[in-house]
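What follows is the content of final-v3.cif, which has mmCIF, C-alpha atoms:
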```cif
data_structure
#
loop_
_atom_site.label_atom_id
_atom_site.label_comp_id
_atom_site.auth_asym_id
_atom_site.auth_seq_id
_atom_site.Cartn_x
_atom_site.Cartn_y
_atom_site.Cartn_z
CA MET S 1 131.76 -63.44 5.06
CA GLY S 2 128.44 -62.63 3.41
CA ASP S 3 127.65 -59.46 1.49
CA TRP S 4 125.74 -57.98 4.38
CA ASP S 5 128.73 -58.26 6.72
CA ARG S 6 131.05 -56.98 4.03
CA PHE S 7 128.98 -53.85 3.44
CA LYS S 8 128.56 -53.27 7.16
CA ASN S 9 132.37 -53.17 7.44
CA TYR S 10 132.47 -50.50 4.74
CA ILE S 11 130.09 -48.08 6.53
CA SER S 12 132.67 -46.05 8.50
CA ASP S 13 135.09 -45.89 5.59
CA TYR S 14 132.28 -44.76 3.31
CA LEU S 15 131.17 -42.00 5.70
CA GLU S 16 134.75 -40.80 6.15
CA GLY S 17 135.55 -40.93 2.44
CA ASN S 18 138.15 -43.65 2.75
CA LEU S 19 136.80 -46.06 0.13
CA ASP S 20 138.38 -46.33 -3.30
CA ASN S 21 136.17 -45.38 -6.27
CA SER S 22 135.05 -48.84 -7.31
CA THR S 23 134.18 -49.94 -3.74
CA ARG S 24 132.36 -46.66 -3.09
CA LYS S 25 130.19 -47.11 -6.21
CA GLU S 26 129.45 -50.68 -5.27
CA PHE S 27 128.44 -49.53 -1.78
CA GLU S 28 126.20 -46.76 -3.09
CA LEU S 29 124.45 -49.18 -5.44
CA GLU S 30 123.85 -51.50 -2.48
CA ILE S 31 122.43 -48.68 -0.33
CA ASP S 32 119.97 -47.78 -3.10
CA LYS S 33 118.49 -51.26 -3.15
CA ASN S 34 118.94 -52.25 0.51
CA SER S 35 116.87 -50.13 2.93
CA ASN S 36 118.36 -51.82 6.00
CA LEU S 37 121.87 -50.87 4.94
CA GLN S 38 120.63 -47.36 4.24
CA LYS S 39 119.08 -47.07 7.69
CA LEU S 40 122.20 -48.45 9.33
CA THR S 41 124.47 -46.03 7.48
CA ARG S 42 122.30 -43.04 8.44
CA GLY S 43 122.24 -44.26 12.03
CA VAL S 44 126.04 -44.47 12.23
CA GLU S 45 126.34 -41.02 10.67
CA ASN S 46 123.97 -39.49 13.23
CA LEU S 47 125.71 -41.32 16.03
CA SER S 48 129.10 -39.81 15.14
CA LYS S 49 127.53 -36.36 15.16
CA ILE S 50 125.87 -36.92 18.53
CA LEU S 51 129.08 -38.22 20.09
CA GLY S 52 130.95 -35.22 18.78
CA ASP S 53 128.38 -32.91 20.31
CA LEU S 54 128.41 -34.45 23.78
CA PRO S 55 128.86 -31.81 26.50
CA GLU S 56 132.32 -31.36 27.89
CA TYR S 57 133.01 -31.16 31.57
CA GLU S 58 135.61 -29.10 33.34
CA CYS S 59 137.82 -29.93 36.25
CA SER S 60 136.98 -28.41 39.63
CA ASP S 61 138.21 -24.91 40.44
CA ASP S 62 140.71 -26.17 43.01
CA PHE S 63 142.22 -28.77 40.66
CA ASN S 64 145.50 -26.88 40.24
CA VAL S 65 145.80 -26.22 43.97
CA LYS S 66 145.24 -29.91 44.80
CA LEU S 67 147.80 -30.97 42.20
CA ARG S 68 150.38 -28.51 43.45
CA ASP S 69 149.85 -29.65 47.06
CA ARG S 70 150.29 -33.26 46.08
CA LEU S 71 153.47 -32.58 44.13
CA HIS S 72 154.86 -30.53 47.00
CA ARG S 73 153.98 -33.26 49.52
CA GLU S 74 155.60 -36.00 47.41
CA SER S 75 158.76 -34.00 46.79
CA SER S 76 159.20 -33.18 50.51
CA GLU S 77 158.94 -36.90 51.34
CA VAL S 78 161.72 -37.59 48.86
CA LYS S 79 164.01 -35.00 50.51
CA SER S 80 164.03 -36.80 53.86
CA PRO S 81 164.88 -40.27 52.81
CA VAL S 82 164.53 -43.29 55.04
CA THR S 83 167.81 -44.06 56.88
CA PRO S 84 169.57 -47.26 55.94
CA LEU S 85 169.11 -48.62 59.46
CA LYS S 86 165.35 -48.19 59.30
CA ARG S 87 165.16 -49.63 55.84
CA TYR S 88 167.25 -52.65 56.57
CA SER S 89 166.24 -53.12 60.20
CA PHE S 90 164.38 -56.31 59.43
CA ALA S 91 167.35 -57.86 57.64
CA PHE S 92 169.72 -56.62 60.34
CA SER S 93 167.70 -58.12 63.18
CA PHE S 94 167.40 -61.37 61.24
CA VAL S 95 171.19 -61.51 60.93
CA ILE S 96 171.61 -60.87 64.66
CA LEU S 97 169.10 -63.58 65.46
CA ALA S 98 170.90 -66.03 63.18
CA VAL S 99 174.21 -65.29 64.89
CA ILE S 100 172.65 -65.87 68.32
CA VAL S 101 171.12 -69.18 67.23
CA VAL S 102 174.39 -70.43 65.73
CA PHE S 103 176.37 -69.40 68.83
CA THR S 104 173.88 -71.09 71.14
CA PHE S 105 173.89 -74.26 69.07
CA ASN S 106 177.68 -74.40 69.06
CA THR S 107 177.81 -73.86 72.82
CA LEU S 108 175.35 -76.67 73.47
CA THR S 109 177.27 -78.98 71.14
CA GLU S 110 180.51 -78.33 73.05
CA GLN S 111 178.89 -79.23 76.38
CA ASP S 112 177.98 -82.70 75.06
CA ASP S 113 181.59 -83.48 74.16
CA PRO S 114 183.46 -84.42 77.41
CA VAL S 115 186.90 -84.32 75.84
CA LYS S 116 186.71 -80.67 75.06
CA ILE S 117 185.69 -79.59 78.57
CA LEU S 118 188.72 -81.17 80.19
CA PRO S 119 191.67 -78.89 80.97
CA GLU S 120 194.66 -79.21 78.70
CA SER S 121 197.01 -79.79 81.64
CA SER S 122 195.47 -83.21 82.13
CA LYS S 123 197.75 -86.13 81.44
CA ILE S 124 195.03 -87.98 79.66
CA GLN S 125 196.11 -88.71 76.14
CA SER S 126 193.67 -91.31 75.10
CA VAL S 127 190.51 -92.95 76.16
CA GLN S 128 190.46 -96.68 76.63
CA PRO S 129 187.23 -98.57 76.84
CA ASN S 130 186.77 -101.17 79.54
CA PRO S 131 188.31 -104.41 78.27
CA VAL S 132 185.66 -106.90 77.36
CA PHE S 133 186.46 -110.31 78.76
CA GLN S 134 187.20 -112.26 75.61
CA ASN S 135 187.93 -115.67 77.08
CA LYS S 136 186.40 -118.33 74.85
CA MET S 137 185.98 -120.71 77.84
CA GLN S 138 183.68 -118.27 79.55
CA PRO S 139 180.55 -120.10 80.61
CA ALA S 140 177.52 -119.31 78.51
CA ASN S 141 175.30 -118.57 81.47
CA GLN S 142 177.50 -115.75 82.66
CA VAL S 143 176.37 -112.37 81.48
CA ARG S 144 178.77 -110.71 79.10
CA ILE S 145 179.85 -107.34 80.18
CA ASP S 146 178.96 -104.90 77.45
CA ASN S 147 180.36 -101.78 78.92
CA ARG S 148 179.78 -98.86 76.61
CA GLN S 149 180.68 -96.41 79.29
CA VAL S 150 184.10 -94.92 78.89
CA ASP S 151 186.35 -94.98 81.91
CA ILE S 152 188.80 -92.16 81.83
CA LYS S 153 192.17 -93.20 83.26
CA THR S 154 195.80 -92.19 82.73
CA ILE S 155 197.88 -94.24 80.29
CA ASP S 156 199.88 -95.84 83.09
CA GLU S 157 196.72 -96.73 84.93
CA ASN S 158 195.27 -98.17 81.78
CA MET S 159 198.36 -100.26 81.16
CA ALA S 160 198.36 -101.42 84.75
CA VAL S 161 194.74 -102.48 84.47
CA THR S 162 195.39 -104.25 81.19
CA ASP S 163 198.41 -106.09 82.60
CA SER S 164 196.58 -107.18 85.71
CA LEU S 165 193.67 -108.42 83.70
CA LYS S 166 196.00 -110.32 81.40
CA ASN S 167 197.76 -111.89 84.35
CA GLU S 168 194.48 -112.89 85.85
CA ALA S 169 193.38 -114.45 82.58
CA ILE S 170 196.64 -116.40 82.27
CA LYS S 171 196.35 -117.56 85.90
CA LYS S 172 192.82 -118.79 85.36
CA GLU S 173 193.80 -120.59 82.21
CA LYS S 174 196.62 -122.31 84.00
CA GLN S 175 194.27 -123.34 86.79
CA SER S 176 191.74 -124.72 84.33
CA ASN S 177 194.49 -126.63 82.48
CA ILE S 178 195.72 -128.08 85.80
CA LYS S 179 192.20 -129.17 86.69
CA TYR S 180 191.82 -130.76 83.26
CA VAL S 181 195.02 -132.74 83.69
CA ASP S 182 193.92 -133.87 87.18
CA ASP S 183 190.60 -135.05 85.76
CA ILE S 184 192.35 -137.04 83.06
CA LYS S 185 194.69 -138.56 85.63
CA LYS S 186 191.69 -139.63 87.66
CA MET Q 1 130.07 -26.23 29.76
CA THR Q 2 131.75 -25.92 26.38
CA ASN Q 3 130.13 -27.94 23.69
CA SER Q 4 131.61 -28.90 20.40
CA LYS Q 5 134.16 -31.18 18.93
CA ASP Q 6 135.55 -28.19 17.02
CA ALA Q 7 136.24 -26.28 20.24
CA ASN Q 8 137.98 -29.35 21.58
CA LEU Q 9 140.02 -29.69 18.43
CA GLN Q 10 140.89 -26.02 18.55
CA LYS Q 11 142.33 -26.44 22.02
CA ARG Q 12 144.55 -29.19 20.70
CA ILE Q 13 145.76 -27.25 17.69
CA ASN Q 14 148.62 -24.98 18.63
CA THR Q 15 148.70 -21.61 16.93
CA GLY Q 16 151.89 -19.94 15.80
CA THR Q 17 151.96 -17.67 18.87
CA LEU Q 18 151.67 -20.39 21.47
CA PRO Q 19 154.42 -22.91 22.21
CA THR Q 20 153.75 -26.46 21.07
CA ASP Q 21 153.26 -29.27 23.56
CA GLU Q 22 156.66 -30.65 22.63
CA GLU Q 23 158.31 -27.30 23.34
CA LEU Q 24 156.60 -27.08 26.70
CA ILE Q 25 157.64 -30.56 27.79
CA ALA Q 26 161.21 -29.83 26.67
CA ARG Q 27 161.23 -26.69 28.80
CA PHE Q 28 159.79 -28.62 31.72
CA GLN Q 29 162.51 -31.25 31.35
CA ASP Q 30 165.01 -28.41 31.68
CA GLY Q 31 163.38 -27.35 34.94
CA ASP Q 32 160.78 -24.80 33.89
CA THR Q 33 157.79 -25.64 36.11
CA TYR Q 34 155.69 -22.90 34.50
CA ALA Q 35 155.78 -24.97 31.31
CA PHE Q 36 154.29 -27.85 33.29
CA ASP Q 37 151.49 -25.54 34.52
CA GLN Q 38 150.69 -24.65 30.92
CA LEU Q 39 150.48 -28.31 29.97
CA VAL Q 40 148.13 -28.92 32.89
CA ARG Q 41 145.93 -26.05 31.75
CA ARG Q 42 145.78 -27.44 28.20
CA TYR Q 43 145.08 -31.05 29.00
CA LYS Q 44 143.17 -31.26 32.25
CA ASP Q 45 139.69 -30.85 30.73
CA PRO Q 46 140.19 -33.04 27.64
CA LEU Q 47 141.67 -35.76 29.86
CA LEU Q 48 138.79 -35.42 32.31
CA ASN Q 49 136.28 -35.97 29.53
CA PHE Q 50 138.21 -38.87 28.07
CA ILE Q 51 138.52 -40.67 31.40
CA PHE Q 52 134.96 -39.81 32.43
CA ARG Q 53 133.49 -41.29 29.26
CA PHE Q 54 135.65 -44.34 29.87
CA ILE Q 55 134.92 -45.10 33.53
CA GLY Q 56 131.64 -43.25 34.08
CA ASP Q 57 132.41 -41.50 37.38
CA LEU Q 58 133.23 -37.80 37.33
CA ASN Q 59 134.88 -37.52 40.76
CA GLU Q 60 136.98 -40.61 40.23
CA SER Q 61 137.91 -39.28 36.78
CA GLU Q 62 139.29 -36.09 38.29
CA ASP Q 63 141.45 -38.14 40.68
CA LEU Q 64 142.79 -40.09 37.73
CA VAL Q 65 143.60 -36.87 35.87
CA GLN Q 66 145.58 -35.81 38.96
CA ASP Q 67 147.37 -39.17 38.87
CA THR Q 68 148.13 -38.68 35.19
CA PHE Q 69 149.78 -35.32 35.75
CA TYR Q 70 151.63 -36.64 38.78
CA ARG Q 71 153.14 -39.35 36.59
CA VAL Q 72 154.04 -36.83 33.92
CA TYR Q 73 155.74 -34.72 36.60
CA LYS Q 74 157.72 -37.62 38.10
CA ASN Q 75 158.62 -39.27 34.79
CA LYS Q 76 159.19 -36.23 32.59
CA HIS Q 77 162.57 -37.51 31.46
CA TYR Q 78 161.00 -40.67 30.03
CA TYR Q 79 159.30 -38.63 27.31
CA LYS Q 80 161.26 -38.66 24.05
CA GLU Q 81 160.28 -36.55 21.08
CA VAL Q 82 159.79 -39.53 18.76
CA ALA Q 83 156.08 -39.46 19.61
CA LYS Q 84 153.70 -36.57 20.15
CA PHE Q 85 153.22 -35.40 23.73
CA SER Q 86 149.45 -35.90 23.40
CA THR Q 87 150.04 -39.57 22.51
CA TRP Q 88 152.18 -39.99 25.60
CA ILE Q 89 149.81 -38.32 28.06
CA TYR Q 90 146.73 -40.07 26.68
CA THR Q 91 148.54 -43.42 26.93
CA ILE Q 92 149.18 -42.74 30.62
CA ALA Q 93 145.58 -41.66 31.17
CA GLY Q 94 144.19 -44.63 29.25
CA ASN Q 95 146.28 -47.10 31.26
CA LEU Q 96 145.12 -45.55 34.54
CA ALA Q 97 141.49 -45.72 33.41
CA LYS Q 98 141.83 -49.37 32.39
CA THR Q 99 143.45 -50.20 35.73
CA GLU Q 100 140.56 -48.53 37.52
CA LEU Q 101 138.06 -50.56 35.51
CA ARG Q 102 139.88 -53.78 36.39
CA LYS Q 103 139.86 -52.84 40.08
CA ARG Q 104 136.13 -52.18 39.87
CA LYS Q 105 135.54 -55.49 38.19
CA ARG Q 106 137.29 -57.21 41.08
CA ARG Q 107 135.36 -55.20 43.67
CA ARG Q 108 132.14 -55.55 41.65
CA ILE Q 109 130.97 -52.10 42.54
CA PHE Q 110 128.06 -50.93 40.51
CA SER Q 111 126.85 -47.44 40.96
CA ILE Q 112 124.01 -46.39 38.74
CA HIS Q 113 123.83 -43.18 40.78
CA LYS Q 114 127.32 -42.21 39.78
CA ASP Q 115 126.55 -42.84 36.13
CA MET Q 116 124.50 -39.65 36.08
CA PRO Q 117 126.99 -37.11 34.78
CA ASN Q 118 125.03 -34.07 35.86
CA GLU Q 119 125.52 -34.62 39.57
CA LYS Q 120 128.67 -32.57 39.66
CA GLU Q 121 128.16 -30.08 42.48
CA PHE Q 122 129.80 -27.04 41.00
CA GLU Q 123 127.96 -27.18 37.67
CA LEU Q 124 125.64 -24.23 37.01
CA PRO Q 125 122.71 -24.48 34.59
CA ASP Q 126 122.70 -22.22 31.58
CA PRO Q 127 119.71 -19.84 32.07
CA LYS Q 128 119.40 -19.26 28.34
CA ARG Q 129 118.54 -22.88 27.60
CA ASP Q 130 114.98 -24.11 27.61
CA PRO Q 131 114.40 -26.32 30.70
CA GLU Q 132 112.54 -28.89 28.64
CA GLN Q 133 115.37 -29.03 26.17
CA GLU Q 134 117.79 -29.28 29.07
CA VAL Q 135 115.96 -32.32 30.45
CA ASN Q 136 115.81 -33.96 27.02
CA SER Q 137 119.48 -33.46 26.37
CA THR Q 138 120.31 -34.75 29.85
CA ILE Q 139 118.26 -37.88 29.23
CA THR Q 140 119.90 -38.31 25.83
CA GLU Q 141 123.33 -37.92 27.30
CA ASN Q 142 122.59 -40.44 30.02
CA HIS Q 143 121.43 -42.98 27.46
CA ILE Q 144 124.54 -42.46 25.38
CA HIS Q 145 126.75 -42.58 28.45
CA LYS Q 146 125.24 -45.90 29.54
CA ALA Q 147 125.49 -47.33 26.04
CA ILE Q 148 129.19 -46.41 25.87
CA GLY Q 149 129.65 -47.99 29.32
CA LYS Q 150 128.31 -51.28 27.97
CA LEU Q 151 130.97 -51.51 25.27
CA PRO Q 152 134.04 -53.68 25.93
CA PRO Q 153 137.01 -51.51 27.01
CA LYS Q 154 138.90 -51.94 23.72
CA PHE Q 155 135.91 -50.61 21.73
CA ARG Q 156 135.08 -47.97 24.31
CA GLN Q 157 138.55 -46.47 24.21
CA VAL Q 158 138.70 -46.10 20.42
CA ILE Q 159 135.18 -44.70 20.00
CA ILE Q 160 135.83 -42.07 22.69
CA LEU Q 161 139.17 -41.08 21.17
CA ARG Q 162 137.74 -40.97 17.64
CA ASP Q 163 134.23 -39.59 17.90
CA VAL Q 164 134.28 -37.76 21.24
CA GLN Q 165 137.85 -36.45 21.37
CA GLY Q 166 138.45 -36.11 17.63
CA PHE Q 167 141.70 -38.07 17.34
CA SER Q 168 142.85 -39.25 13.93
CA TYR Q 169 143.20 -42.99 13.31
CA GLU Q 170 146.99 -42.63 13.26
CA GLU Q 171 146.99 -40.89 16.65
CA ILE Q 172 144.77 -43.55 18.13
CA SER Q 173 147.00 -46.26 16.68
CA SER Q 174 150.13 -44.81 18.35
CA THR Q 175 148.31 -44.10 21.62
CA ILE Q 176 146.97 -47.58 22.17
CA LYS Q 177 149.79 -49.37 20.30
CA VAL Q 178 147.51 -51.20 17.89
CA PRO Q 179 147.77 -51.41 14.06
CA LEU Q 180 145.85 -48.86 11.99
CA GLY Q 181 143.60 -51.46 10.37
CA THR Q 182 142.62 -52.84 13.76
CA VAL Q 183 141.78 -49.35 15.01
CA LYS Q 184 139.49 -48.71 12.02
CA SER Q 185 137.82 -52.06 12.46
CA ARG Q 186 137.23 -51.46 16.17
CA VAL Q 187 135.80 -47.99 15.55
CA ASN Q 188 133.39 -49.37 12.99
CA ARG Q 189 132.28 -52.22 15.21
CA ALA Q 190 131.86 -49.88 18.19
CA ARG Q 191 129.69 -47.57 16.09
CA LEU Q 192 127.53 -50.46 14.90
CA ARG Q 193 127.01 -51.66 18.47
CA LEU Q 194 126.15 -48.20 19.73
CA GLN Q 195 123.84 -47.68 16.79
CA ASP Q 196 122.05 -50.88 17.74
CA ASP Q 197 121.62 -49.75 21.38
CA LEU Q 198 120.62 -46.20 20.54
CA SER Q 199 118.52 -46.74 17.42
CA PHE Q 200 115.44 -45.20 19.10
CA LEU Q 201 117.41 -42.04 19.81
CA LEU Q 202 119.04 -41.88 16.40
CA ASP Q 203 115.70 -42.18 14.64
CA ASP Q 204 114.46 -39.17 16.57
CA TYR Q 205 117.65 -37.28 15.81
CA GLN Q 206 117.19 -38.04 12.14
CA ASN Q 207 113.62 -36.80 12.19
CA ILE Q 208 114.61 -33.58 13.91
CA ALA Q 209 117.48 -33.06 11.50
CA MET Q 210 115.12 -33.58 8.57
#
```
Once you've parsed the file, please lay out its structure as structure tokens.
Amino acid sequence: MGDWDRFKNYISDYLEGNLDNSTRKEFELEIDKNSNLQKLTRGVENLSKILGDLPEYECSDDFNVKLRDRLHRESSEVKSPVTPLKRYSFAFSFVILAVIVVFTFNTLTEQDDPVKILPESSKIQSVQPNPVFQNKMQPANQVRIDNRQVDIKTIDENMAVTDSLKNEAIKKEKQSNIKYVDDIKK
Amino acid sequence: MTNSKDANLQKRINTGTLPTDEELIARFQDGDTYAFDQLVRRYKDPLLNFIFRFIGDLNESEDLVQDTFYRVYKNKHYYKEVAKFSTWIYTIAGNLAKTELRKRKRRRIFSIHKDMPNEKEFELPDPKRDPEQEVNSTITENHIHKAIGKLPPKFRQVIILRDVQGFSYEEISSTIKVPLGTVKSRVNRARLRLQDDLSFLLDDYQNIAM
């Protein structure tokens, strides 16, 4: 910081008598030889006087009345507070909506599940898929039955179907074995 | 219009017969609304001048003074006697004025018309004063007002509190929550800037004074 800046920083303290003795003397010596610093110091001194003499304005005549009205208005609003229902109506309706959505979703999910819609008095205990014909001798050109559809039958019916299919498979095997033997004999 | 820093200071100095600001606020905290009315009477004009010099609009300044007293009314129990009441109320007023300036900056509203302080409708001219002198002082005041308006808010606030309102450096320091040394430095720099802007006026003032 140069001397000029240093002495500029001292101006207010000098005018207000806040400089210590040695700094004040140094400043006064500088003012005597530096006309710019002198002019600046006088300017700041005059400025402070002008600012202190600025006219003062007064509030309007109805200032107190307006203030009183405002305070009265604000305090009467506080006395009738907002009811909890009004305040939390948005949250409340959101909760109701959420409950409705969850209920609807659950209802739709139950409709997709056939087991649950059947009456409990039904004798059905299990669900058996259609038996896939697993005979290894099955000709390749015959289309494999890939039955993903579930047939709902009683247990007895299921067992009866299984037995009859087994018997049929055994019969066919026997027939094919007999034919094989006949071919060899020939 | 009243017109001197001494008269302003006198308003702020409490005589032995009148209750102090701290006594009034204590009474108000206990429920005495008449004490609040007395505080309003004491501070409404000084606050108006402080805010007006800060933001430059007289009507808006009066609204902000209303806001200041409203906050004092609602938050009376937040005042503790560790600080002076004047520090507290000027802090509230200063914050409201700064908020208003920030809002204006965002809106970018410039109103040269409103910068003219003498457009207040209910102001009556003093018949004793010389019209020519009246015009000169009005022009001078407008120049000063505009020059203050050009200062950055942190310089503007301290120069108004120090040179216009007559606060001590310690009071300014506790009002704006800034160290004493910083306050002195800002006051000095604000004065130097204003002196630079108003040198033509100050030279004339010097000549008249001499």
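Distances here use all atoms listed in the file; by that measure, the residue among Q:Asp67, Q:Thr33, Q:Leu39, Q:Ala93 closest to Q:Ile55 is Q:Ala93.
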Checklist entry - Hey, what's within 9 Å of stretch 25-29 of chain S if we count only C-alpha atoms and toss same-chain stuff fewer than 2 positions away? As a count of residues only, please? => result 12
Applied to this file, what does the PyMOL selection byres ((chain S) within 7 of (chain Q)) return in terms of residues, put as an mmCIF file with C-alpha atoms, in the coordinates of the input?
```cif
data_model
loop_
_atom_site.group_PDB
_atom_site.id
_atom_site.type_symbol
_atom_site.label_atom_id
_atom_site.label_comp_id
_atom_site.auth_asym_id
_atom_site.auth_seq_id
_atom_site.Cartn_x
_atom_site.Cartn_y
_atom_site.Cartn_z
ATOM 1 C CA ASN S 9 132.370 -53.170 7.440
ATOM 2 C CA SER S 12 132.670 -46.050 8.500
ATOM 3 C CA GLY S 43 122.240 -44.260 12.030
ATOM 4 C CA VAL S 44 126.040 -44.470 12.230
ATOM 5 C CA ASN S 46 123.970 -39.490 13.230
ATOM 6 C CA LEU S 47 125.710 -41.320 16.030
ATOM 7 C CA SER S 48 129.100 -39.810 15.140
ATOM 8 C CA LEU S 51 129.080 -38.220 20.090
ATOM 9 C CA GLY S 52 130.950 -35.220 18.780
ATOM 10 C CA ASP S 53 128.380 -32.910 20.310
ATOM 11 C CA LEU S 54 128.410 -34.450 23.780
ATOM 12 C CA PRO S 55 128.860 -31.810 26.500
ATOM 13 C CA GLU S 56 132.320 -31.360 27.890
ATOM 14 C CA TYR S 57 133.010 -31.160 31.570
ATOM 15 C CA GLU S 58 135.610 -29.100 33.340
ATOM 16 C CA CYS S 59 137.820 -29.930 36.250
ATOM 17 C CA LEU S 67 147.800 -30.970 42.200
ATOM 18 C CA LEU S 71 153.470 -32.580 44.130
#
```
Checklist entry - In Å to one decimal, how far is atom CA of Q:Ser174 from atom CA of Q:Ala83? => result 8.1 Å
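Residues matching the PyMOL selection byres ((chain Q and resi 23) around 12) in this structure come to Asn14, Leu18, Pro19, Thr20, Asp21, Glu22, Leu24, Ile25, Ala26, Arg27, Phe28, Gln29, Asp30, Asp32, Ala35, Phe36, Gln38, Leu39, Lys80, Glu81, Lys84 and Phe85 of chain Q.
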Item to check | Sphere at (142.1, -46.7, 28.9), radius 12 Å, counting all atoms listed in the file: residues as a PyMOL selection string | outcome: chain Q and resi 47+50-55+61+64+68+89-102+152-161+172+175-177
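Relative to atom CA of Q:Asp57, atom CA of Q:Tyr169 is found at 26.4 Å.
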Checklist entry - Which is closest to Q:Glu170 among Q:Val72, Q:Val183, Q:Ile139, Q:Ile148, if we use all atoms listed in the file? => result Q:Val183
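Picture a line from atom CA of Q:Lys150 to atom CA of Q:Gly56; it runs 10.6 Å.
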